[in-house]
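> Take a look at this one; I'll ask things after.
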Amino acid sequence: MSMALFDTHAHYDARQFDPDRDQVLSALPGQGVELVVNPGCDLASSQAAVELAGRYPFVYAAVGVHPEECGSWTDGDLDALRALAGRPKVVAIGEIGLDYYWPENPSRELQKRVFRAQLALAVELNLPVIVHDREAHGDSLDIIREFPGARGVFHCFSGSAEMARELVSLGWMVSFTGVLTYKNARKAVEAAQAVPLERIMIETDSPYMAPVPYRGKRNHSGYVELVCVRLAELKGITPDECSRITLANGRSFFHIPD
């Protein structure tokens with residue numbers, strides 16, 4: 001395979017990989033996967049992400065508290081994240097943001113407070129952010145506009161083409177998953193068509209969101225090729241060209257030298 005791929009978002013600390021984590025990760029370079037970023041979702045998984053990055057030369061970490069996990073947030077968590085962010089191969093603050101989908105999630109007010117605190121930390125440390133936005137498009141956009149010094153990516157993008165263009169105008173990136181391969185994915189497809197190639201990254205969001213024909217199975221970074229092929233099709237370029245551009249975009253965004 002000539003493609004060199006960058007899976008910019010995969011959760012290898014997730015329990016779904018407990019049975020065979022090392023096998024899955026060790027196989028990736030042979031599947032054309034050159035780089036992976038593993039974001040944390042709370043302090044424990046952020047720590048686990050840092051440890052994985054220490055074990056595999058092609059894995060990098062992001063550290064952050066996910067909106068679904070922010071219920072027990074204290075101001076001390078910010079100091080813990082600041083310390084973790086100083087560790088080798090930590091390239092972003094994430095996965096952070098807002099999730100209004102699940103009624104049992106922490107309150108919207110708390111989610112917003114935690115999101116703002118972590119955006120401020122990212123600006124302080126000059127790190128990019130990885131944003132999770134589910135059913136919270138308006139508030140997510142409003143909050144990032146409060147931090148003009150922040151730069152980041154909306155991962156697993158689920159907003160409209162109009163929102164995608166708005167993010168691009170703010171200097172942000174947009175990242176797409178295997179959802180692009182789903183029959184009912186009109187919105188994601190329209191957003192991918194609206195974003196210029198130099199602002200797009202690709203990801204698997206493993207172990208979730210496996211692309212067709214693996215939909216419903218456990219996802220892994222080897223399948224990021226299918227996201228690349230579909231995006232190339234939507235953009236009218238070759239898969240090789242798409243892999244080259246998205247790899248370069250990811251390296252530049254996360255400041256990972258060639």
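Chain labels A, B, ... are given in the sequence in which chains occur in the structure tokens; within each chain residues are numbered consecutively from 1, and ligands are likewise numbered from 1 in the order shown.
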Applying 12 Å and only C-alpha atoms, which residues near A:Ala4 remain after dropping the ones on its own chain fewer than 2 positions away? List them as an MDAnalysis selection string.
chainID A and resid 1:2 6:7 28:36 221:222 224:225 228 239:248 250
> Keeping C-alpha atoms for every residue in the selection just given, could you write it to a file as a short mmCIF file (atom, residue, chain, number, x, y, z; two decimals), in the first residue's frame?

data_model
loop_
_atom_site.label_atom_id
_atom_site.label_comp_id
_atom_site.auth_asym_id
_atom_site.auth_seq_id
_atom_site.Cartn_x
_atom_site.Cartn_y
_atom_site.Cartn_z
CA MET A 1 0.00 0.00 0.00
CA SER A 2 1.44 3.36 -0.97
CA PHE A 6 -2.82 9.75 9.88
CA ASP A 7 -5.66 8.66 12.17
CA LEU A 28 -0.89 -0.50 12.21
CA PRO A 29 2.38 0.53 10.52
CA GLY A 30 1.98 -2.48 8.22
CA GLN A 31 -1.48 -1.16 7.29
CA GLY A 32 -0.13 2.17 6.09
CA VAL A 33 -0.93 4.03 9.30
CA GLU A 34 1.93 6.43 9.93
CA LEU A 35 0.54 8.38 12.92
CA VAL A 36 -2.24 8.16 15.52
CA SER A 221 -6.99 2.84 12.68
CA GLY A 222 -6.43 0.42 9.79
CA VAL A 224 -8.95 5.10 8.26
CA GLU A 225 -8.02 4.19 4.68
CA CYS A 228 -9.61 8.58 3.00
CA PRO A 239 -6.83 8.40 -2.55
CA ASP A 240 -3.02 8.80 -2.58
CA GLU A 241 -3.35 12.56 -2.94
CA CYS A 242 -5.96 12.65 -0.18
CA SER A 243 -3.76 10.63 2.20
CA ARG A 244 -0.77 12.89 1.48
CA ILE A 245 -2.77 16.08 2.10
CA THR A 246 -4.52 14.87 5.26
CA LEU A 247 -1.24 13.51 6.67
CA ALA A 248 0.43 16.89 6.05
CA GLY A 250 -2.42 16.58 10.70
#
> Which residues of stretch 122-239 of chain A come within 10 Å of stretch 92-108 of chain A, and for each one, what is the closest pair of atoms and their distance in Å to one decimal, counting only C-alpha atoms, sorted by chain and residue number, as CSV?

residue,atom,partner,partner_atom,distance
A:Ala122,CA,A:Ile93,CA,6.1
A:Val123,CA,A:Ile93,CA,9.7
A:Leu125,CA,A:Ile93,CA,9.3
A:Asn126,CA,A:Ala92,CA,9.0
A:Leu127,CA,A:Ala92,CA,5.2
A:Pro128,CA,A:Ala92,CA,5.0
A:Val129,CA,A:Ile93,CA,4.8
A:Ile130,CA,A:Gly94,CA,4.6
A:Val131,CA,A:Ile96,CA,5.1
A:His132,CA,A:Gly97,CA,4.8
A:Asp133,CA,A:Leu98,CA,5.2
A:Arg134,CA,A:Asp99,CA,4.7
A:Glu135,CA,A:Tyr100,CA,5.4
A:Ala136,CA,A:Tyr100,CA,5.8
A:His137,CA,A:Leu98,CA,8.6
A:Asp139,CA,A:Leu98,CA,8.0
A:Ser140,CA,A:Leu98,CA,6.6
A:Ile143,CA,A:Gly97,CA,9.4
A:Ile144,CA,A:Gly97,CA,9.6
A:Gly152,CA,A:Ala92,CA,8.7
A:Val153,CA,A:Gly94,CA,9.8
A:Phe154,CA,A:Gly97,CA,9.2
A:His155,CA,A:Glu95,CA,8.8
> Which residues come within 8 Å of A:Ala61, counting only C-alpha atoms, excluding same-chain residues fewer than 4 positions away, as a ChimeraX atom specification?
/A:37-40,46,49-50,52-53,89-92
> I'd like to know which of A:Val24, A:Leu226, A:Val65, A:Ala194 is closest to A:Glu166, using only C-alpha atoms.
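Under the stated criterion, the closest residue is A:Ala194.
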> Quick one: pull the distance between atom CA of A:Ala232 and atom CA of A:Arg218, Å, one decimal.
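Interatomic distance here is 23.7 Å.
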